[in-house]
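final.csv follows; it contains CSV, C-alpha atoms.
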chain,number,residue,atom,x,y,z
A,202,MET,CA,-11.5,19.3,-27.7
A,203,LEU,CA,-8.4,18.5,-25.7
A,204,ILE,CA,-6.8,21.7,-27.0
A,205,ARG,CA,-9.9,23.7,-25.9
A,206,LEU,CA,-9.8,22.1,-22.5
A,207,GLY,CA,-6.1,22.9,-22.3
A,208,ASN,CA,-6.8,26.5,-23.2
A,209,TRP,CA,-9.6,26.7,-20.7
A,210,LEU,CA,-7.4,25.4,-17.9
A,211,ASP,CA,-4.5,27.6,-19.0
A,212,GLU,CA,-6.6,30.7,-18.8
A,213,ARG,CA,-7.3,29.9,-15.1
A,214,PHE,CA,-4.1,28.1,-14.0
A,215,ASP,CA,-1.5,29.7,-16.3
A,216,TRP,CA,0.1,26.2,-16.3
A,217,ARG,CA,1.9,26.7,-19.7
A,218,LYS,CA,4.0,29.4,-18.2
A,219,ILE,CA,4.8,27.2,-15.2
A,220,TRP,CA,5.6,24.3,-17.5
A,221,ALA,CA,7.9,26.5,-19.5
A,222,ALA,CA,9.6,27.9,-16.4
A,223,ILE,CA,10.3,24.4,-15.1
A,224,PHE,CA,11.1,22.4,-18.3
A,225,LEU,CA,12.0,24.9,-21.0
A,226,ARG,CA,14.5,26.9,-19.0
A,227,LYS,CA,17.9,27.4,-20.5
A,228,VAL,CA,20.6,25.0,-19.1
A,229,PRO,CA,24.3,25.1,-19.7
A,230,HIS,CA,26.0,22.3,-21.7
A,231,VAL,CA,26.5,19.6,-19.2
A,232,ASN,CA,27.4,15.9,-19.0
A,233,TRP,CA,25.9,12.7,-17.8
A,234,TRP,CA,26.9,13.3,-14.2
A,235,TYR,CA,24.2,16.0,-14.1
A,236,THR,CA,21.5,13.3,-14.4
A,237,LEU,CA,22.1,11.9,-10.9
A,238,GLY,CA,19.7,14.4,-9.3
A,239,SER,CA,16.8,13.5,-11.6
A,240,ALA,CA,17.7,9.8,-11.1
A,241,THR,CA,17.5,10.4,-7.3
A,242,LEU,CA,14.1,12.1,-7.7
A,243,PHE,CA,12.8,9.3,-9.9
A,244,VAL,CA,13.8,6.6,-7.3
A,245,ALA,CA,12.4,8.7,-4.5
A,246,VAL,CA,9.0,8.9,-6.3
A,247,MET,CA,9.1,5.1,-6.9
A,248,GLN,CA,9.8,4.6,-3.2
A,249,GLY,CA,6.7,6.7,-2.4
A,250,ILE,CA,4.5,4.7,-4.8
A,251,THR,CA,5.7,1.3,-3.8
A,252,GLY,CA,5.7,2.3,-0.1
A,253,ILE,CA,2.0,3.4,-0.3
A,254,LEU,CA,1.2,0.1,-1.9
A,255,LEU,CA,3.0,-1.8,0.8
A,256,THR,CA,0.9,-0.1,3.5
A,257,LEU,CA,-2.2,-1.6,2.0
A,258,TYR,CA,-1.2,-4.9,3.6
A,259,TYR,CA,1.6,-4.3,6.0
A,260,VAL,CA,0.7,-4.2,9.7
A,261,PRO,CA,3.3,-2.7,12.2
A,262,THR,CA,2.8,-4.9,15.2
A,263,PRO,CA,5.1,-7.7,16.4
A,264,ASP,CA,2.4,-10.4,16.0
A,265,HIS,CA,1.6,-9.4,12.4
A,266,ALA,CA,4.5,-7.5,10.9
A,267,TYR,CA,6.5,-10.5,9.7
A,268,ASP,CA,3.5,-12.6,8.6
A,269,SER,CA,2.1,-9.7,6.7
A,270,VAL,CA,5.4,-9.2,4.9
A,271,VAL,CA,5.5,-12.9,4.0
A,272,TYR,CA,1.9,-12.7,2.8
A,273,ILE,CA,2.8,-9.7,0.6
A,274,THR,CA,5.9,-11.5,-0.8
A,275,THR,CA,4.4,-15.0,-1.3
A,276,GLN,CA,0.6,-14.8,-1.6
A,277,LEU,CA,-0.2,-11.6,-3.3
A,278,PRO,CA,0.0,-11.3,-7.1
A,279,GLY,CA,2.9,-8.9,-7.9
A,280,GLY,CA,3.6,-8.5,-4.2
A,281,TRP,CA,7.2,-9.8,-4.6
A,282,PHE,CA,7.7,-7.2,-7.3
A,283,ILE,CA,6.3,-4.3,-5.4
A,284,ARG,CA,8.3,-5.2,-2.3
A,285,GLY,CA,11.4,-6.0,-4.3
A,286,LEU,CA,11.2,-2.5,-5.9
A,287,HIS,CA,10.9,-0.9,-2.5
A,288,HIS,CA,13.7,-3.1,-1.0
A,289,TRP,CA,16.2,-2.5,-3.8
A,290,GLY,CA,15.0,1.0,-4.4
A,291,ALA,CA,16.0,1.9,-0.8
A,292,SER,CA,19.6,0.9,-1.5
A,293,ALA,CA,19.6,2.5,-4.9
A,294,LEU,CA,18.3,5.8,-3.4
A,295,VAL,CA,21.2,5.9,-0.8
A,296,VAL,CA,23.7,5.2,-3.6
A,297,LEU,CA,22.3,7.8,-5.9
A,298,VAL,CA,22.0,10.4,-3.2
A,299,VAL,CA,25.7,9.9,-2.3
A,300,LEU,CA,26.8,10.0,-6.0
A,301,HIS,CA,24.7,13.2,-6.6
A,302,LEU,CA,26.2,14.8,-3.5
A,303,LEU,CA,29.7,13.9,-4.7
A,304,ARG,CA,29.0,15.3,-8.1
A,305,VAL,CA,27.9,18.6,-6.7
A,306,PHE,CA,30.9,18.6,-4.3
A,307,TYR,CA,33.6,17.8,-6.9
A,308,PHE,CA,32.1,20.2,-9.5
A,309,GLY,CA,32.0,23.0,-6.9
A,310,ALA,CA,28.3,23.4,-7.6
A,311,TYR,CA,27.5,24.2,-3.9
A,312,LYS,CA,29.2,27.6,-4.1
A,313,TYR,CA,27.4,31.0,-4.3
A,314,PRO,CA,24.6,31.4,-5.1
A,315,ARG,CA,23.6,27.8,-4.5
A,316,GLU,CA,24.5,27.3,-0.9
A,317,ALA,CA,20.8,26.9,0.1
A,318,THR,CA,20.4,24.2,-2.6
A,319,TRP,CA,23.4,22.4,-1.1
A,320,LEU,CA,22.1,22.7,2.5
A,321,THR,CA,18.6,21.4,1.7
A,322,GLY,CA,20.4,18.7,-0.2
A,323,VAL,CA,22.4,17.7,2.8
A,324,ALA,CA,19.2,17.7,4.9
A,325,LEU,CA,17.6,15.5,2.2
A,326,PHE,CA,20.6,13.1,2.5
A,327,LEU,CA,19.9,12.8,6.3
A,328,VAL,CA,16.2,12.2,5.7
A,329,VAL,CA,17.1,9.4,3.2
A,330,VAL,CA,19.4,7.8,5.8
A,331,GLY,CA,16.5,8.1,8.3
A,332,PHE,CA,14.3,6.3,5.9
A,333,GLY,CA,16.8,3.5,5.5
A,334,PHE,CA,17.2,3.2,9.3
A,335,THR,CA,13.5,3.1,10.2
A,336,GLY,CA,12.5,1.0,7.2
A,337,TYR,CA,15.1,-1.7,8.0
A,338,LEU,CA,13.2,-2.6,11.2
A,339,LEU,CA,9.8,-3.0,9.6
A,340,PRO,CA,10.0,-6.6,8.2
A,341,TRP,CA,10.5,-7.6,11.9
A,342,ASP,CA,12.8,-10.5,11.1
A,343,GLN,CA,16.0,-11.4,13.0
A,344,LYS,CA,18.1,-9.1,10.8
A,345,ALA,CA,15.8,-6.2,11.4
A,346,TYR,CA,15.5,-6.8,15.1
A,347,TRP,CA,19.3,-7.0,15.7
A,348,ALA,CA,20.2,-4.3,13.3
A,349,THR,CA,18.0,-1.9,15.1
A,350,THR,CA,19.2,-3.2,18.5
A,351,VAL,CA,22.7,-2.3,17.4
A,352,GLY,CA,21.7,0.9,15.6
A,353,THR,CA,19.9,2.3,18.6
A,354,ARG,CA,22.7,1.2,20.9
A,355,ILE,CA,25.1,3.2,18.7
A,356,ALA,CA,22.9,6.3,19.2
A,357,GLY,CA,23.1,5.5,22.9
A,358,VAL,CA,26.8,6.1,23.2
A,359,VAL,CA,26.4,9.9,22.7
A,360,PRO,CA,27.9,11.5,25.9
A,361,LEU,CA,25.4,12.5,28.6
A,362,LEU,CA,22.3,12.5,26.4
A,363,GLY,CA,23.0,9.0,25.0
A,364,PRO,CA,20.8,6.9,27.3
A,365,LEU,CA,17.9,9.4,26.8
A,366,ILE,CA,18.3,9.3,23.0
A,367,LEU,CA,18.2,5.5,23.1
A,368,ARG,CA,15.1,5.5,25.3
A,369,ILE,CA,13.4,8.0,23.0
A,370,MET,CA,14.2,6.0,19.8
A,371,ARG,CA,13.1,2.7,21.3
A,372,GLY,CA,10.2,4.2,23.2
A,373,GLY,CA,11.5,2.5,26.4
A,374,ASP,CA,14.5,0.5,27.4
A,375,GLU,CA,13.8,-2.5,25.2
A,376,LEU,CA,13.1,-2.9,21.5
A,377,THR,CA,9.3,-3.7,21.6
A,378,ALA,CA,6.0,-3.2,19.9
A,379,VAL,CA,6.3,0.5,20.8
A,380,THR,CA,9.6,0.7,18.9
A,381,LEU,CA,8.1,-1.0,15.8
A,382,ALA,CA,5.0,1.3,15.8
A,383,ARG,CA,7.1,4.5,16.1
A,384,PHE,CA,9.6,3.4,13.5
A,385,PHE,CA,6.6,2.8,11.2
A,386,GLY,CA,5.0,6.1,12.0
A,387,VAL,CA,8.3,8.0,11.4
A,388,HIS,CA,8.9,6.0,8.2
A,389,ILE,CA,5.5,6.6,6.6
A,390,TRP,CA,4.5,10.0,8.0
A,391,VAL,CA,7.2,12.1,9.5
A,392,LEU,CA,10.0,11.4,7.0
A,393,PRO,CA,7.8,11.6,3.9
A,394,ALA,CA,6.5,15.0,5.1
A,395,CYS,CA,10.1,16.2,5.6
A,396,LEU,CA,11.2,14.7,2.3
A,397,ALA,CA,8.3,16.3,0.3
A,398,ALA,CA,8.9,19.8,1.9
A,399,LEU,CA,12.7,19.7,1.3
A,400,ILE,CA,12.4,18.4,-2.2
A,401,LEU,CA,10.0,21.2,-3.0
A,402,VAL,CA,12.5,23.8,-1.7
A,403,HIS,CA,15.4,22.0,-3.4
A,404,LEU,CA,13.7,21.9,-6.8
A,405,TYR,CA,12.4,25.4,-6.5
A,406,LEU,CA,16.0,26.6,-6.0
A,407,VAL,CA,17.2,24.4,-8.9
A,408,VAL,CA,14.6,26.0,-11.2
A,409,ARG,CA,15.0,29.5,-9.7
A,410,ILE,CA,18.8,29.8,-9.7
A,411,GLY,CA,19.5,27.3,-12.5
A,412,ILE,CA,22.2,24.6,-12.5
A,413,SER,CA,25.9,25.3,-12.6
A,414,ALA,CA,28.0,24.8,-15.7
A,415,VAL,CA,30.8,22.3,-15.8
A,416,PRO,CA,33.9,24.1,-14.3
A,417,GLU,CA,36.6,24.8,-16.8
A,418,LYS,CA,40.4,24.6,-16.4
A,419,GLY,CA,41.9,27.8,-15.1
A,420,GLU,CA,38.5,29.2,-14.3
A,421,LYS,CA,38.4,31.7,-11.4
A,422,SER,CA,35.5,31.3,-9.1
B,1129,MET,CA,13.1,24.2,-35.3
B,1130,ASP,CA,11.8,25.8,-38.5
B,1131,ARG,CA,15.3,25.8,-39.9
B,1132,SER,CA,14.9,22.3,-41.2
B,1133,PRO,CA,13.2,22.4,-44.6
B,1134,THR,CA,12.4,18.7,-44.6
B,1135,PRO,CA,9.5,17.5,-42.5
B,1136,LYS,CA,11.6,14.8,-41.0
B,1137,LEU,CA,11.6,14.0,-37.3
B,1138,ASN,CA,13.8,16.6,-35.7
B,1139,ARG,CA,16.0,16.1,-32.7
B,1140,ARG,CA,13.6,17.7,-30.2
B,1141,ASP,CA,10.6,15.6,-31.4
B,1142,PHE,CA,12.6,12.5,-31.4
B,1143,MET,CA,13.7,13.1,-27.7
B,1144,LYS,CA,10.1,13.9,-26.8
B,1145,ALA,CA,8.8,10.7,-28.3
B,1146,THR,CA,11.6,8.6,-26.7
B,1147,ILE,CA,10.9,10.2,-23.3
B,1148,TYR,CA,7.1,9.5,-23.6
B,1149,ALA,CA,7.8,5.9,-24.8
B,1150,ILE,CA,10.2,5.1,-21.9
B,1151,GLY,CA,8.0,6.8,-19.4
B,1152,GLY,CA,5.0,4.9,-20.7
B,1153,LEU,CA,6.9,1.6,-20.5
B,1154,ILE,CA,7.9,2.3,-16.9
B,1155,GLY,CA,4.3,3.3,-16.1
B,1156,VAL,CA,2.8,0.2,-17.6
B,1157,THR,CA,5.3,-2.2,-16.0
B,1158,LEU,CA,4.5,-0.6,-12.6
B,1159,ALA,CA,0.8,-0.2,-13.1
B,1160,ILE,CA,0.0,-3.8,-14.1
B,1161,PRO,CA,1.6,-5.5,-11.0
B,1162,ALA,CA,0.2,-2.7,-8.8
B,1163,VAL,CA,-3.4,-3.3,-10.0
B,1164,ALA,CA,-2.9,-7.1,-9.6
B,1165,TYR,CA,-1.5,-6.5,-6.1
B,1166,ILE,CA,-4.4,-4.3,-5.0
B,1167,VAL,CA,-7.3,-6.4,-6.4
B,1168,GLY,CA,-5.5,-9.8,-5.7
B,1169,PRO,CA,-7.3,-10.7,-2.4
B,1170,ALA,CA,-10.7,-9.9,-4.1
B,1171,LEU,CA,-10.0,-12.5,-6.8
B,1172,THR,CA,-9.0,-15.5,-4.7
B,1173,LYS,CA,-11.6,-18.2,-5.0
B,1174,VAL,CA,-13.4,-19.3,-1.9
B,1175,THR,CA,-12.8,-23.0,-1.4
B,1176,GLN,CA,-15.9,-25.1,-0.9
B,1177,ASN,CA,-16.0,-27.6,1.9
B,1178,TRP,CA,-18.5,-29.6,3.9
B,1179,ILE,CA,-19.0,-28.5,7.4
B,1180,LYS,CA,-20.4,-30.8,10.1
B,1181,LEU,CA,-23.3,-29.1,11.8
B,1182,GLY,CA,-24.5,-31.7,14.3
B,1183,ALA,CA,-26.6,-34.8,14.9
B,1184,ILE,CA,-29.8,-35.0,12.9
B,1185,ASP,CA,-31.8,-36.3,15.9
B,1186,LYS,CA,-31.6,-32.9,17.5
B,1187,ILE,CA,-33.7,-31.4,14.7
B,1188,GLU,CA,-37.3,-30.9,15.6
B,1189,GLU,CA,-39.8,-31.4,12.9
B,1190,ASN,CA,-41.5,-28.4,11.4
B,1191,THR,CA,-39.6,-25.8,13.3
B,1192,PRO,CA,-36.2,-24.3,12.4
B,1193,THR,CA,-33.5,-25.5,14.7
B,1194,LEU,CA,-30.4,-23.4,15.3
B,1195,PHE,CA,-27.0,-25.0,14.7
B,1196,LYS,CA,-23.7,-23.2,15.4
B,1197,ALA,CA,-20.4,-24.3,13.8
B,1198,THR,CA,-16.9,-23.0,14.3
B,1199,ILE,CA,-15.0,-22.7,11.1
B,1200,THR,CA,-11.4,-21.9,10.5
B,1201,ASP,CA,-10.6,-19.5,7.7
B,1202,GLN,CA,-7.3,-18.3,6.2
B,1203,THR,CA,-7.9,-14.6,5.9
B,1204,GLY,CA,-4.7,-12.9,4.6
B,1205,TRP,CA,-1.9,-14.0,7.0
B,1206,ILE,CA,-4.3,-14.8,9.8
B,1207,ASN,CA,-6.0,-18.1,10.6
B,1208,SER,CA,-9.2,-16.8,12.0
B,1209,GLN,CA,-12.0,-18.7,13.6
B,1210,GLU,CA,-15.5,-17.7,12.9
B,1211,GLU,CA,-18.8,-19.0,14.3
B,1212,ILE,CA,-21.6,-19.4,11.8
B,1213,SER,CA,-25.2,-20.0,12.6
B,1214,VAL,CA,-27.5,-22.1,10.4
B,1215,TYR,CA,-31.2,-22.8,10.8
B,1216,VAL,CA,-32.2,-26.3,9.8
B,1217,LEU,CA,-35.8,-27.2,8.9
B,1218,THR,CA,-37.2,-30.6,8.2
B,1219,GLU,CA,-40.9,-31.4,7.5
B,1220,ASP,CA,-40.6,-35.1,7.0
B,1221,GLY,CA,-37.5,-36.1,8.9
B,1222,GLN,CA,-35.9,-37.1,5.6
B,1223,THR,CA,-35.1,-34.0,3.7
B,1224,TYR,CA,-33.4,-31.0,5.3
B,1225,THR,CA,-33.3,-27.4,4.5
B,1226,ALA,CA,-30.4,-25.4,5.9
B,1227,LEU,CA,-30.9,-21.7,5.9
B,1228,SER,CA,-28.3,-19.0,6.4
B,1229,ASN,CA,-29.0,-16.6,9.2
B,1230,VAL,CA,-27.6,-13.7,7.1
B,1231,CYS,CA,-30.4,-11.3,6.0
B,1232,THR,CA,-30.5,-10.9,2.3
B,1233,HIS,CA,-31.1,-7.2,2.7
B,1234,LEU,CA,-27.9,-5.8,4.2
B,1235,GLY,CA,-26.3,-8.7,6.0
B,1236,CYS,CA,-27.6,-8.5,9.6
B,1237,HIS,CA,-28.4,-11.7,11.4
B,1238,VAL,CA,-32.0,-12.9,11.5
B,1239,ARG,CA,-33.5,-14.7,14.4
B,1240,TRP,CA,-36.2,-17.2,14.6
B,1241,ASN,CA,-39.2,-16.0,16.6
B,1242,PRO,CA,-41.2,-19.1,17.7
B,1243,ASP,CA,-44.2,-17.0,18.8
B,1244,ASP,CA,-44.9,-15.6,15.4
B,1245,SER,CA,-43.3,-18.5,13.5
B,1246,GLU,CA,-41.1,-16.3,11.4
B,1247,PHE,CA,-37.6,-15.1,11.0
B,1248,ALA,CA,-37.1,-11.4,12.0
B,1249,CYS,CA,-34.2,-9.2,11.1
B,1250,PRO,CA,-33.5,-6.5,13.8
B,1251,CYS,CA,-32.0,-4.0,11.4
B,1252,HIS,CA,-34.7,-3.0,9.0
B,1253,ASN,CA,-37.7,-5.2,10.0
B,1254,GLY,CA,-37.2,-7.8,7.3
B,1255,VAL,CA,-39.4,-10.8,8.0
B,1256,PHE,CA,-39.0,-14.3,6.5
B,1257,ALA,CA,-41.2,-17.4,6.7
B,1258,LYS,CA,-39.8,-20.6,8.1
B,1259,ASP,CA,-38.8,-21.8,4.7
B,1260,GLY,CA,-36.9,-18.6,4.2
B,1261,SER,CA,-39.2,-16.8,1.8
B,1262,VAL,CA,-39.8,-13.1,2.3
B,1263,ILE,CA,-43.0,-12.1,4.1
B,1264,SER,CA,-42.4,-8.4,4.5
B,1265,GLY,CA,-39.8,-5.7,4.7
B,1266,PRO,CA,-36.9,-4.7,2.4
B,1267,PRO,CA,-35.2,-8.1,1.7
B,1268,PRO,CA,-34.9,-8.6,-2.1
B,1269,ARG,CA,-34.8,-12.4,-2.0
B,1270,PRO,CA,-35.3,-15.4,0.3
B,1271,LEU,CA,-32.7,-16.5,2.9
B,1272,ASP,CA,-29.8,-18.4,1.3
B,1273,HIS,CA,-29.9,-22.2,1.3
B,1274,PHE,CA,-27.0,-24.4,1.9
B,1275,GLN,CA,-26.6,-27.7,0.1
B,1276,THR,CA,-27.0,-30.5,2.8
B,1277,LYS,CA,-26.0,-34.1,3.2
B,1278,VAL,CA,-26.4,-36.7,6.0
B,1279,GLU,CA,-23.6,-39.0,7.0
B,1280,ASN,CA,-23.7,-41.4,9.9
B,1281,GLY,CA,-26.5,-39.5,11.5
B,1282,PHE,CA,-24.8,-36.1,11.2
B,1283,LEU,CA,-25.9,-33.2,9.1
B,1284,TYR,CA,-23.3,-31.5,6.9
B,1285,ILE,CA,-23.6,-28.3,4.8
B,1286,LEU,CA,-21.6,-27.2,1.8
B,1287,ARG,CA,-20.1,-23.8,2.4
B,1288,GLY,CA,-18.3,-21.6,0.0

Written form, structure tokens:
Amino acid sequence: MLIRLGNWLDERFDWRKIWAAIFLRKVPHVNWWYTLGSATLFVAVMQGITGILLTLYYVPTPDHAYDSVVYITTQLPGGWFIRGLHHWGASALVVLVVLHLLRVFYFGAYKYPREATWLTGVALFLVVVGFGFTGYLLPWDQKAYWATTVGTRIAGVVPLLGPLILRIMRGGDELTAVTLARFFGVHIWVLPACLAALILVHLYLVVRIGISAVPEKGEKS
Amino acid sequence: MDRSPTPKLNRRDFMKATIYAIGGLIGVTLAIPAVAYIVGPALTKVTQNWIKLGAIDKIEENTPTLFKATITDQTGWINSQEEISVYVLTEDGQTYTALSNVCTHLGCHVRWNPDDSEFACPCHNGVFAKDGSVISGPPPRPLDHFQTKVENGFLYILRG
């Protein structure tokens, strides 16, 4: 029955060929450092799942943000777990992205023909940093408030454009409800859209070009 | 993979099984808290408490008298105040019937119409008698009753 359903779908979607192209492609003999990309992807997906769950209760306004976070953490069954995963996952994601980037750099895996993979990877790194920066404000506690005050002020020291950048980030001169709302919007809509699109391209390139082998001593490149 | 003459578990199948097992374990450890987290608020029990409606000497005999009470509820992270309306009927000045004004059809608020001596629901023309029983329209059952008690001349209802 399941096999027949699988065949029926395969006739229409050709998914077995797609599956084979993605998962049954030939890879060079590599080491554990090559798992960092998959680890990064796994944590990113976890962040997506736990993030979606958090939006079921979180409210991005100054009068409800902190209370709704406390409600999630202390009142809801499993709330501490979901939020904990998202909280620690955020740090893990940054660490993994950096390690993955360093692996690619030191193994010279960014070279021809993988420059586009590298560049989308760098863009993904910036998106992840953006996630961290915008997500940090959302609990709306003292740490969040002052960290964002400082963070936006740092962006404000850019020559000439600084004051304008600061005003755009905060949605005005001060850190207000407008700031919280736009950080939330960027965190759950803008950045996830960028992340999904970039990951798609990044993974397409990984599958299309294949991954690099471990460089050998005396190898000319 | 056909090279192995023995039907033992080969390396590829072992890895496959391990991946499915670990993936399943991660899935379950995430899915159970996630489901609890989603349905959590639906499972919290409503606490019952007595609500003071008002003095019993305000109740006219044989005609439903409207009482309003403000109650404070903890909904999520917000302490919200809600006003509830209750119709109280007494025929002998001794026993009291407290009727909810929430229509049993789809939850609109019924109103006592003194001219016709009946409760009418504005939404779908549900009509109830003064004791709360259905006269006509779509309501499937009579208006809900609250348990009542009288203390020091004040009427209380049990809500929850």

Pull out every residue of chain B that has at least one atom within 12 Å of chain A, counting only C-alpha atoms, and report them as a PDB file with C-alpha atoms, in the frame of the given file.
ATOM      1  CA  ARG B1140      13.600  17.700 -30.200  1.00  0.00           C
ATOM      2  CA  GLY B1151       8.000   6.800 -19.400  1.00  0.00           C
ATOM      3  CA  ILE B1154       7.900   2.300 -16.900  1.00  0.00           C
ATOM      4  CA  GLY B1155       4.300   3.300 -16.100  1.00  0.00           C
ATOM      5  CA  THR B1157       5.300  -2.200 -16.000  1.00  0.00           C
ATOM      6  CA  LEU B1158       4.500  -0.600 -12.600  1.00  0.00           C
ATOM      7  CA  ALA B1159       0.800  -0.200 -13.100  1.00  0.00           C
ATOM      8  CA  ILE B1160       0.000  -3.800 -14.100  1.00  0.00           C
ATOM      9  CA  PRO B1161       1.600  -5.500 -11.000  1.00  0.00           C
ATOM     10  CA  ALA B1162       0.200  -2.700  -8.800  1.00  0.00           C
ATOM     11  CA  VAL B1163      -3.400  -3.300 -10.000  1.00  0.00           C
ATOM     12  CA  ALA B1164      -2.900  -7.100  -9.600  1.00  0.00           C
ATOM     13  CA  TYR B1165      -1.500  -6.500  -6.100  1.00  0.00           C
ATOM     14  CA  ILE B1166      -4.400  -4.300  -5.000  1.00  0.00           C
ATOM     15  CA  VAL B1167      -7.300  -6.400  -6.400  1.00  0.00           C
ATOM     16  CA  GLY B1168      -5.500  -9.800  -5.700  1.00  0.00           C
ATOM     17  CA  PRO B1169      -7.300 -10.700  -2.400  1.00  0.00           C
ATOM     18  CA  ALA B1170     -10.700  -9.900  -4.100  1.00  0.00           C
ATOM     19  CA  LEU B1171     -10.000 -12.500  -6.800  1.00  0.00           C
ATOM     20  CA  THR B1172      -9.000 -15.500  -4.700  1.00  0.00           C
ATOM     21  CA  GLN B1202      -7.300 -18.300   6.200  1.00  0.00           C
ATOM     22  CA  THR B1203      -7.900 -14.600   5.900  1.00  0.00           C
ATOM     23  CA  GLY B1204      -4.700 -12.900   4.600  1.00  0.00           C
ATOM     24  CA  TRP B1205      -1.900 -14.000   7.000  1.00  0.00           C
ATOM     25  CA  ILE B1206      -4.300 -14.800   9.800  1.00  0.00           C
ATOM     26  CA  ASN B1207      -6.000 -18.100  10.600  1.00  0.00           C
TER      27      ASN B1207
END

Margin query: So that I can see what lies close to region 1270-1283 of chain B, please list as a VMD selection string the residues with an atom at most 6 Å from it, counting all atoms listed in the file and leaving out residues fewer than 5 positions away in the same chain.
Written below: chain B and resid 1181 to 1184 1226 to 1228 1260 to 1262

Here CA of Asp1259 (chain B) and CA of Glu1210 (chain B) stand apart by 25.0 Å

Region 1190-1200 of chain B: which residues within 9 Å, counting only C-alpha atoms, same-chain residues fewer than 6 positions away excluded, as a VMD selection string?
-> chain B and resid 1179 to 1182 1207 to 1220 1225 to 1227 1240 1242 1245 1258 to 1259

In Å and to one decimal, CA of Tyr259 (chain A) is distant from CA of Gly336 (chain A) by 12.2 Å

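As for CA of Gly1288 (chain B) and CA of Cys1231 (chain B), they are spaced 17.0 Å apart.
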
Open item on the list: Counting only C-alpha atoms, which residue out of A:Ala382, A:Leu376, A:Ala221, A:Cys395 sits closest to Trp347 (chain A)?
Closed with: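 Ranked by minimum distance to Trp347 (chain A), first place goes to A:Leu376.
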
Write out as a list in words each polymer residue whose atoms come within 7 Å of Val328 (chain A), counting only C-alpha atoms; drop sequence neighbours fewer than 3 positions from it.
->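 What passes the distance filter is Ala324, Leu325, Gly331, Phe332, Leu392 and Leu396 of chain A.
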
Using all atoms listed in the file: which of B:Gly1265, B:Val1174, B:Thr1223, B:Val1156 has the shortest distance to Glu1189 (chain B):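 With all atoms listed in the file as the atom set, the closest residue is B:Thr1223.
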
Check your understanding: Can you tell me, as a list in words, what residues are no more than 7 Å from Thr241 (chain A) when counting all atoms listed in the file, ignoring any on the same chain fewer than 3 positions away?
Key ->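 Near neighbours after the sequence-gap exclusion: Leu237, Gly238, Val244, Ala245, Leu294, Leu297 and Val298 of chain A.
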
Practice problem: Would you list the residues near (-28.0, -8.1, 5.9), meaning any protein, DNA or RNA residue with an atom at most 10 Å from that point in file coordinates, counting only C-alpha atoms, as a PyMOL selection string? | Solution: chain B and resi 1229-1238+1249-1252+1254+1267

request  = Tell me, as a count of residues only, which residues lie within 8 Å of region 302-310 of chain A, counting only C-alpha atoms; anything in the same chain fewer than 5 positions away does not count.
outcome  = 9

Mind filling out region 1247-1258 of chain B with N, CA and C atoms and sending it as a short mmCIF file (atom, residue, chain, number, x, y, z; two decimals), in the coordinates of the input?
data_model
loop_
_atom_site.label_atom_id
_atom_site.label_comp_id
_atom_site.auth_asym_id
_atom_site.auth_seq_id
_atom_site.Cartn_x
_atom_site.Cartn_y
_atom_site.Cartn_z
N PHE B 1247 -38.88 -15.62 10.79
CA PHE B 1247 -37.60 -15.10 11.00
C PHE B 1247 -37.68 -13.55 10.99
N ALA B 1248 -37.07 -12.88 11.96
CA ALA B 1248 -37.10 -11.40 12.00
C ALA B 1248 -35.70 -10.87 11.95
N CYS B 1249 -35.51 -9.84 11.13
CA CYS B 1249 -34.20 -9.20 11.10
C CYS B 1249 -34.33 -7.89 11.93
N PRO B 1250 -33.44 -7.69 12.90
CA PRO B 1250 -33.50 -6.50 13.80
C PRO B 1250 -33.18 -5.20 13.13
N CYS B 1251 -32.48 -5.27 12.01
CA CYS B 1251 -32.00 -4.00 11.40
C CYS B 1251 -33.04 -3.18 10.76
N HIS B 1252 -33.74 -3.78 9.79
CA HIS B 1252 -34.70 -3.00 9.00
C HIS B 1252 -36.06 -3.71 8.91
N ASN B 1253 -36.37 -4.52 9.92
CA ASN B 1253 -37.70 -5.20 10.00
C ASN B 1253 -37.96 -6.11 8.81
N GLY B 1254 -36.94 -6.78 8.31
CA GLY B 1254 -37.20 -7.80 7.30
C GLY B 1254 -37.78 -9.02 7.98
N VAL B 1255 -38.81 -9.61 7.37
CA VAL B 1255 -39.40 -10.80 8.00
C VAL B 1255 -39.48 -11.91 6.93
N PHE B 1256 -39.05 -13.12 7.36
CA PHE B 1256 -39.00 -14.30 6.50
C PHE B 1256 -39.87 -15.39 7.09
N ALA B 1257 -40.47 -16.21 6.22
CA ALA B 1257 -41.20 -17.40 6.70
C ALA B 1257 -40.25 -18.48 7.08
N LYS B 1258 -40.75 -19.55 7.64
CA LYS B 1258 -39.80 -20.60 8.10
C LYS B 1258 -39.09 -21.31 7.03
#
